[in-house]
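Shown here: coords_11.txt, compact mmCIF, C-alpha atoms.
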# COMPACT_ATOMS: atom_id res chain seq x y z
CA MET A 1 0.00 0.00 0.00
CA VAL A 2 2.92 2.36 0.67
CA GLN A 3 4.21 1.75 -2.86
CA LYS A 4 0.76 2.39 -4.32
CA THR A 5 0.44 5.61 -2.32
CA LEU A 6 3.81 6.82 -3.58
CA ARG A 7 2.83 6.03 -7.16
CA VAL A 8 -0.40 8.01 -6.77
CA LEU A 9 1.44 10.93 -5.19
CA GLN A 10 4.10 10.91 -7.91
CA THR A 11 1.39 10.93 -10.58
CA VAL A 12 -0.33 13.96 -9.04
CA ALA A 13 3.01 15.74 -8.65
CA ALA A 14 3.80 15.10 -12.32
CA SER A 15 0.50 16.70 -13.41
CA PRO A 16 0.93 20.49 -13.12
CA ASN A 17 -2.58 21.09 -14.48
CA GLY A 18 -4.07 18.63 -12.02
CA ILE A 19 -5.40 15.18 -12.74
CA GLY A 20 -8.73 13.43 -12.25
CA LEU A 21 -9.36 10.12 -10.52
CA SER A 22 -9.68 8.22 -13.79
CA GLY A 23 -6.38 9.63 -15.01
CA VAL A 24 -4.60 8.60 -11.83
CA ALA A 25 -5.99 5.07 -12.08
CA ARG A 26 -5.01 4.78 -15.74
CA LEU A 27 -1.44 6.04 -15.29
CA THR A 28 -0.70 4.09 -12.11
CA GLU A 29 -2.53 0.95 -13.23
CA ILE A 30 -4.10 0.82 -9.77
CA PRO A 31 -7.83 0.06 -9.43
CA LYS A 32 -9.96 3.17 -9.39
CA ALA A 33 -11.51 2.40 -5.99
CA THR A 34 -8.06 2.00 -4.44
CA CYS A 35 -6.86 5.24 -6.02
CA HIS A 36 -9.90 7.00 -4.63
CA ARG A 37 -9.17 5.79 -1.08
CA ILE A 38 -5.51 6.83 -1.38
CA LEU A 39 -6.37 10.27 -2.74
CA LEU A 40 -8.90 10.88 0.04
CA ALA A 41 -6.29 9.90 2.63
CA LEU A 42 -3.71 12.20 1.05
CA ALA A 43 -6.25 15.03 0.95
CA ALA A 44 -7.09 14.50 4.63
CA GLU A 45 -3.40 14.98 5.45
CA ASP A 46 -3.18 18.05 3.15
CA TRP A 47 -0.74 16.41 0.73
CA VAL A 48 -3.12 16.90 -2.18
CA VAL A 49 -6.19 19.05 -2.73
CA LEU A 50 -9.26 18.54 -4.91
CA ASN A 51 -10.48 21.38 -7.09
CA GLU A 52 -14.25 20.98 -6.72
CA ASP A 53 -14.91 22.79 -10.00
CA THR A 54 -12.64 20.68 -12.22
CA LYS A 55 -12.62 17.50 -10.10
CA ARG A 56 -8.87 17.41 -10.51
CA PHE A 57 -6.33 16.67 -7.79
CA HIS A 58 -3.30 18.94 -7.27
CA MET A 59 -0.32 18.93 -4.94
CA SER A 60 -1.09 21.19 -1.97
CA LEU A 61 0.64 24.52 -1.65
CA SER A 62 1.87 23.43 1.79
CA VAL A 63 3.79 20.47 0.34
CA LEU A 64 5.14 22.57 -2.53
CA LEU A 65 6.35 25.23 -0.11
CA MET A 66 8.12 22.58 1.95
CA LEU A 67 9.73 20.82 -0.99
CA SER A 68 10.41 23.55 -3.54
CA PRO A 69 13.25 26.09 -3.22
CA THR A 70 12.73 29.70 -4.20
CA SER A 71 13.26 30.03 -7.94
CA ASP A 72 13.02 32.66 -10.66
CA ARG A 73 10.06 30.90 -12.27
CA ASP A 74 6.78 32.78 -12.25
CA THR A 75 5.02 30.40 -9.90
CA ALA A 76 2.78 30.77 -6.89
CA LEU A 77 5.60 29.50 -4.70
CA SER A 78 8.21 31.93 -5.94
CA TYR A 79 5.65 34.73 -5.81
CA VAL A 80 4.83 33.98 -2.16
CA ASN A 81 8.54 33.94 -1.36
CA ARG A 82 9.05 37.25 -3.15
CA LEU A 83 6.23 38.77 -1.11
CA LEU A 84 7.87 37.51 2.08
CA GLU A 85 11.20 39.01 1.00
CA ALA A 86 9.50 42.35 0.39
CA LEU A 87 7.77 42.15 3.76
CA ALA A 88 11.07 41.41 5.53
CA THR A 89 12.60 44.47 3.87
CA GLN A 90 9.67 46.71 4.84
CA ALA A 91 9.45 45.48 8.42
CA MET A 92 13.21 45.07 8.77
CA GLU A 93 12.53 41.80 10.59
CA THR A 94 12.26 38.07 9.88
CA CYS A 95 8.93 36.96 8.42
CA GLY A 96 7.28 33.72 7.37
CA LEU A 97 4.18 31.72 6.56
CA ASP A 98 2.67 29.03 8.83
CA GLN A 99 -0.01 26.36 8.57
CA PRO A 100 -2.06 24.73 11.35
CA ILE A 101 -1.58 20.99 11.82
CA LYS A 102 -4.98 19.29 11.79
CA GLY A 103 -6.07 17.69 15.06
CA THR A 104 -3.26 19.25 17.10
CA ASN A 105 -2.43 22.49 18.87
CA THR A 106 0.62 22.84 16.64
CA VAL A 107 1.63 25.04 13.72
CA MET A 108 4.16 24.31 10.98
CA VAL A 109 6.49 26.99 9.65
CA LEU A 110 6.41 26.46 5.88
CA ALA A 111 8.48 29.39 4.66
CA GLN A 112 10.74 31.97 6.26
CA THR A 113 12.74 34.98 5.09
CA ALA A 114 15.57 36.36 7.23
CA SER A 115 15.73 39.85 8.70
CA PRO A 116 18.07 42.37 7.03
CA HIS A 117 19.59 42.99 10.49
CA ASN A 118 22.65 41.10 11.67
CA ILE A 119 20.84 40.50 14.96
CA GLY A 120 17.43 38.89 14.55
CA LEU A 121 15.59 35.63 15.00
CA GLY A 122 18.07 32.76 14.73
CA ARG A 123 18.17 30.79 11.49
CA ARG A 124 16.22 27.59 12.04
CA ALA A 125 15.22 24.71 9.82
CA VAL A 126 12.08 24.97 7.69
CA PRO A 127 9.67 23.27 7.90
CA ARG A 128 9.45 23.02 11.69
CA MET A 129 6.72 22.49 14.27
CA GLN A 130 5.86 24.92 17.08
CA PRO A 131 3.16 24.94 19.79
CA ALA A 132 0.22 27.06 18.71
CA TRP A 133 -0.37 28.79 22.04
CA SER A 134 3.13 30.31 22.16
CA THR A 135 3.16 31.72 18.62
CA SER A 136 1.32 34.62 17.02
CA THR A 137 0.20 32.49 14.06
CA GLY A 138 -1.06 29.79 16.41
CA LYS A 139 -3.11 32.38 18.23
CA VAL A 140 -4.56 33.53 14.90
CA PHE A 141 -5.75 30.00 14.12
CA LEU A 142 -7.05 29.40 17.67
CA SER A 143 -8.87 32.75 17.71
CA LEU A 144 -10.94 31.70 14.70
CA GLY A 145 -12.23 28.53 16.34
CA ASP A 146 -15.29 28.04 18.50
CA PRO A 147 -14.27 29.38 21.96
CA GLU A 148 -15.76 26.46 23.89
CA ALA A 149 -14.18 23.89 21.58
CA VAL A 150 -10.82 25.67 21.89
CA ARG A 151 -11.17 25.66 25.68
CA GLN A 152 -11.82 21.91 25.72
CA GLU A 153 -8.88 21.22 23.38
CA LEU A 154 -6.50 23.27 25.51
CA GLU A 155 -7.73 21.77 28.77
CA ALA A 156 -7.01 18.32 27.33
CA ASP A 157 -3.52 19.32 26.17
CA ALA A 158 -0.99 18.37 28.85
CA LEU A 159 1.76 20.51 27.32
CA PHE A 160 -0.48 23.57 27.38
CA ARG A 161 -1.63 22.91 30.95
CA ASP A 162 2.02 22.81 32.07
CA SER A 163 2.89 26.01 30.20
CA PRO A 164 2.68 29.52 31.73
CA ARG A 165 -0.32 30.28 29.51
CA GLY A 166 -2.06 27.15 30.73
CA ARG A 167 -2.15 28.50 34.25
CA ASP A 168 -4.36 31.38 33.08
CA LEU A 169 -6.68 29.77 30.55
CA ASP A 170 -9.41 32.39 30.96
CA GLY A 171 -6.93 35.18 30.30
CA PHE A 172 -5.60 33.35 27.27
CA LEU A 173 -9.10 32.90 25.84
CA GLU A 174 -9.79 36.60 26.37
CA GLU A 175 -6.63 37.38 24.42
CA LEU A 176 -7.82 35.13 21.59
CA ALA A 177 -11.17 36.95 21.49
CA GLU A 178 -9.35 40.29 21.23
CA SER A 179 -7.17 38.91 18.43
CA ALA A 180 -10.21 37.74 16.47
CA GLU A 181 -11.82 41.17 16.83
CA ARG A 182 -8.80 43.19 15.68
CA GLY A 183 -7.72 40.75 12.95
CA TYR A 184 -4.19 39.98 14.16
CA ALA A 185 -2.39 38.36 17.07
CA SER A 186 0.91 38.95 18.82
CA SER A 187 3.33 37.02 20.98
CA ARG A 188 5.98 38.36 23.34
CA ASP A 189 8.49 36.37 25.41
CA GLU A 190 6.35 33.25 24.89
CA LEU A 191 8.03 31.06 22.30
CA GLU A 192 11.45 32.18 23.57
CA PRO A 193 12.54 34.90 26.01
CA GLY A 194 13.40 38.05 24.11
CA ALA A 195 11.42 37.09 20.99
CA ALA A 196 8.28 38.82 19.72
CA SER A 197 6.04 38.34 16.70
CA VAL A 198 2.85 39.59 15.06
CA ALA A 199 0.65 37.55 12.69
CA CYS A 200 -2.49 37.87 10.60
CA PRO A 201 -4.60 35.33 8.70
CA VAL A 202 -4.45 34.50 5.01
CA ARG A 203 -8.02 33.89 3.86
CA VAL A 204 -8.69 31.77 0.78
CA ASN A 205 -12.21 30.87 -0.40
CA GLY A 206 -13.72 31.39 3.03
CA ALA A 207 -11.07 29.40 4.91
CA VAL A 208 -7.85 30.34 6.71
CA PRO A 209 -5.29 27.74 5.59
CA TYR A 210 -2.27 29.94 6.39
CA ALA A 211 -1.10 32.85 8.50
CA ILE A 212 1.88 35.15 7.93
CA TRP A 213 4.07 36.62 10.63
CA VAL A 214 6.82 39.10 11.37
CA GLY A 215 9.15 38.33 14.26
CA GLY A 216 12.19 39.85 15.91
CA PRO A 217 13.85 40.67 19.21
CA THR A 218 11.62 42.38 21.76
CA TYR A 219 13.86 45.44 21.99
CA ARG A 220 13.14 46.19 18.29
CA LEU A 221 9.66 44.73 17.85
CA THR A 222 8.16 46.83 20.64
CA PRO A 223 4.43 47.01 21.54
CA GLU A 224 4.35 50.45 19.89
CA ARG A 225 5.36 48.90 16.55
CA VAL A 226 2.70 46.19 16.60
CA PRO A 227 -0.05 48.21 14.80
CA GLU A 228 2.44 49.25 12.10
CA ILE A 229 3.60 45.66 11.58
CA ALA A 230 -0.02 44.46 11.53
CA GLY A 231 -0.73 46.90 8.68
CA LEU A 232 2.20 45.55 6.66
CA LEU A 233 1.02 41.99 7.31
CA ARG A 234 -2.52 42.75 6.15
CA HIS A 235 -1.23 44.24 2.90
CA THR A 236 0.97 41.21 2.19
CA ALA A 237 -1.78 38.78 3.20
CA HIS A 238 -4.16 40.42 0.71
CA ASP A 239 -1.58 40.02 -2.06
CA ILE A 240 -1.17 36.32 -1.23
CA GLU A 241 -4.94 35.89 -1.04
CA ARG A 242 -5.42 37.37 -4.52
CA VAL A 243 -2.90 34.95 -5.99
CA LEU A 244 -4.31 31.85 -4.30
CA ALA A 245 -7.95 32.81 -4.92
CA ARG A 246 -7.49 32.85 -8.70
CA THR A 247 -5.19 29.83 -8.79
CA PRO A 248 -6.41 26.20 -8.65
CA PRO A 249 -5.81 24.99 -5.08
CA GLY A 250 -2.24 23.95 -4.41
CA THR A 251 -0.99 24.67 -7.92
CA GLN A 252 1.61 27.03 -9.29
CA LEU A 253 1.08 30.13 -11.42
CA GLY A 254 2.61 30.78 -14.82
CA PRO A 255 4.29 28.07 -16.93
CA ALA A 256 3.93 25.40 -14.24
CA LEU A 257 0.14 25.57 -14.41

Write the structure described by the file as structure tokens, please.
Amino acid sequence: MVQKTLRVLQTVAASPNGIGLSGVARLTEIPKATCHRILLALAAEDWVVLNEDTKRFHMSLSVLLMLSPTSDRDTALSYVNRLLEALATQAMETCGLDQPIKGTNTVMVLAQTASPHNIGLGRRAVPRMQPAWSTSTGKVFLSLGDPEAVRQELEADALFRDSPRGRDLDGFLEELAESAERGYASSRDELEPGAASVACPVRVNGAVPYAIWVGGPTYRLTPERVPEIAGLLRHTAHDIERVLARTPPGTQLGPAL
């Protein structure tokens, strides 16, 4: 079954315009019913996405961001990276794009662009996992959920209960409500002492599959700068949203489409 799954995934990856179920079954020589089960499983894990209009499967943007380096090709991936580079230059801080991990209180950093400063957030591997409650992007995703459901999830999370935020759950939930109302979230001395960040959602077709962030040392990314950074984030998020909204889910722009 692992071999069949890899064959299905390779077939989708080799189809820049997307591919339907029948096409996958024909090219892999795997029964259609089996292909369907594999594709549904891959979609559930956000490895592939189904364009409901064309009924074609595409590689997800998340996987492409993880696996594809920045290039000069006119693609959705390179465009997102160029937007992040521009944001880092404007904010003069490190910035990136995160995704929530389904069924967990965890976010994955999918892309990151370094600060122009010599002193900034340390260079760390991408992709990487981080606890949602200690990051600004995680707070963005949590703030958009049902408050009671979020409370139950956090109460059941042993790591959260043992964290400083877990000892003031009501205060944390109030912060999430404020974040939802103003449209951005911030973090200060939570992921690491001396580190701060601000994040806002990226909305695509009524969902929030990603959030972008700007982060830096607390002595530079002061509370007074947060509204300014939030404005830059909103502008960049809107640019990303326009690209993804007119692009088949998970596919690239330009020649790769």

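For the choices A:Ser143, A:Thr34, A:Ser197, A:Leu159, the atom-to-atom distance to Glu175 of chain A is smallest for A:Ser143 when using all atoms listed in the file.
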
Non-local contacts of segment 226-239 of chain A (9 Å; all atoms listed in the file; under 4 positions in same chain excluded) as a compact mmCIF listing (two decimals) with C-alpha atoms, in the coordinates of the input:
# COMPACT_ATOMS: atom_id res chain seq x y z
CA VAL A 80 4.83 33.98 -2.16
CA LEU A 83 6.23 38.77 -1.11
CA LEU A 84 7.87 37.51 2.08
CA ALA A 86 9.50 42.35 0.39
CA LEU A 87 7.77 42.15 3.76
CA GLN A 90 9.67 46.71 4.84
CA ALA A 91 9.45 45.48 8.42
CA GLY A 183 -7.72 40.75 12.95
CA TYR A 184 -4.19 39.98 14.16
CA ALA A 185 -2.39 38.36 17.07
CA SER A 186 0.91 38.95 18.82
CA SER A 197 6.04 38.34 16.70
CA VAL A 198 2.85 39.59 15.06
CA ALA A 199 0.65 37.55 12.69
CA CYS A 200 -2.49 37.87 10.60
CA PRO A 201 -4.60 35.33 8.70
CA VAL A 202 -4.45 34.50 5.01
CA ARG A 203 -8.02 33.89 3.86
CA ALA A 211 -1.10 32.85 8.50
CA ILE A 212 1.88 35.15 7.93
CA TRP A 213 4.07 36.62 10.63
CA VAL A 214 6.82 39.10 11.37
CA LEU A 221 9.66 44.73 17.85
CA THR A 222 8.16 46.83 20.64
CA VAL A 243 -2.90 34.95 -5.99
CA LEU A 244 -4.31 31.85 -4.30

(request) Fewer than 5 positions away in the same chain doesn't count, so skip those; otherwise give me all residues within 6 Å of segment 55-59 of chain A, counting all atoms listed in the file, as JSON, numbers by chain. (result) {"A": [13, 18, 19, 20, 48, 49, 50, 250]}

(request) Find the spatial neighbours of Asp98 of chain A, counting all atoms listed in the file, within a cut-off of 9 Å - ignore same-chain residues fewer than 5 positions away - and output them as an MDAnalysis selection string. (result) chainID A and resid 107:112 137:138 209:213

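Each of A:Ala177, A:Ala196, A:Cys95, A:Ala43 was compared to Arg225 of chain A using all atoms listed in the file, and A:Ala196 turns out to be the nearest.
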
(request) Would you mind reading off the distance between atom CA of Tyr79 of chain A and atom CA of Leu144 of chain A, one decimal, in Å? (result) 26.6 Å

(message) Just checking: using all atoms listed in the file, which residue out of A:Asn205, A:Gln10, A:Ser115, A:Ser134 ends up closest to Trp47 of chain A?
(response) A:Gln10

Can you sort out the box for segment 32-51 of chain A, edges along x, y and z, all listed atoms in, 8 Å on every side, with centre and edge lengths in Å to one decimal, as AutoDock Vina command-line options?
--center_x -6.1 --center_y 11.7 --center_z -2.0 --size_x 26.8 --size_y 35.4 --size_z 30.8

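Computed from the coordinates, the atom CA of Thr11 of chain A to atom CA of Gly23 of chain A distance equals 9.0 Å.
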
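A straight line drawn from atom CA of Thr218 of chain A to atom CA of Glu190 of chain A is 11.0 Å long.
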
(message) Measuring between all atoms listed in the file, which one of A:Ala149, A:Ala132, A:Ala195, A:Val208 shows the shortest distance to Glu93 of chain A?
(response)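 Among the listed residues, the smallest separation from Glu93 of chain A belongs to A:Ala195.
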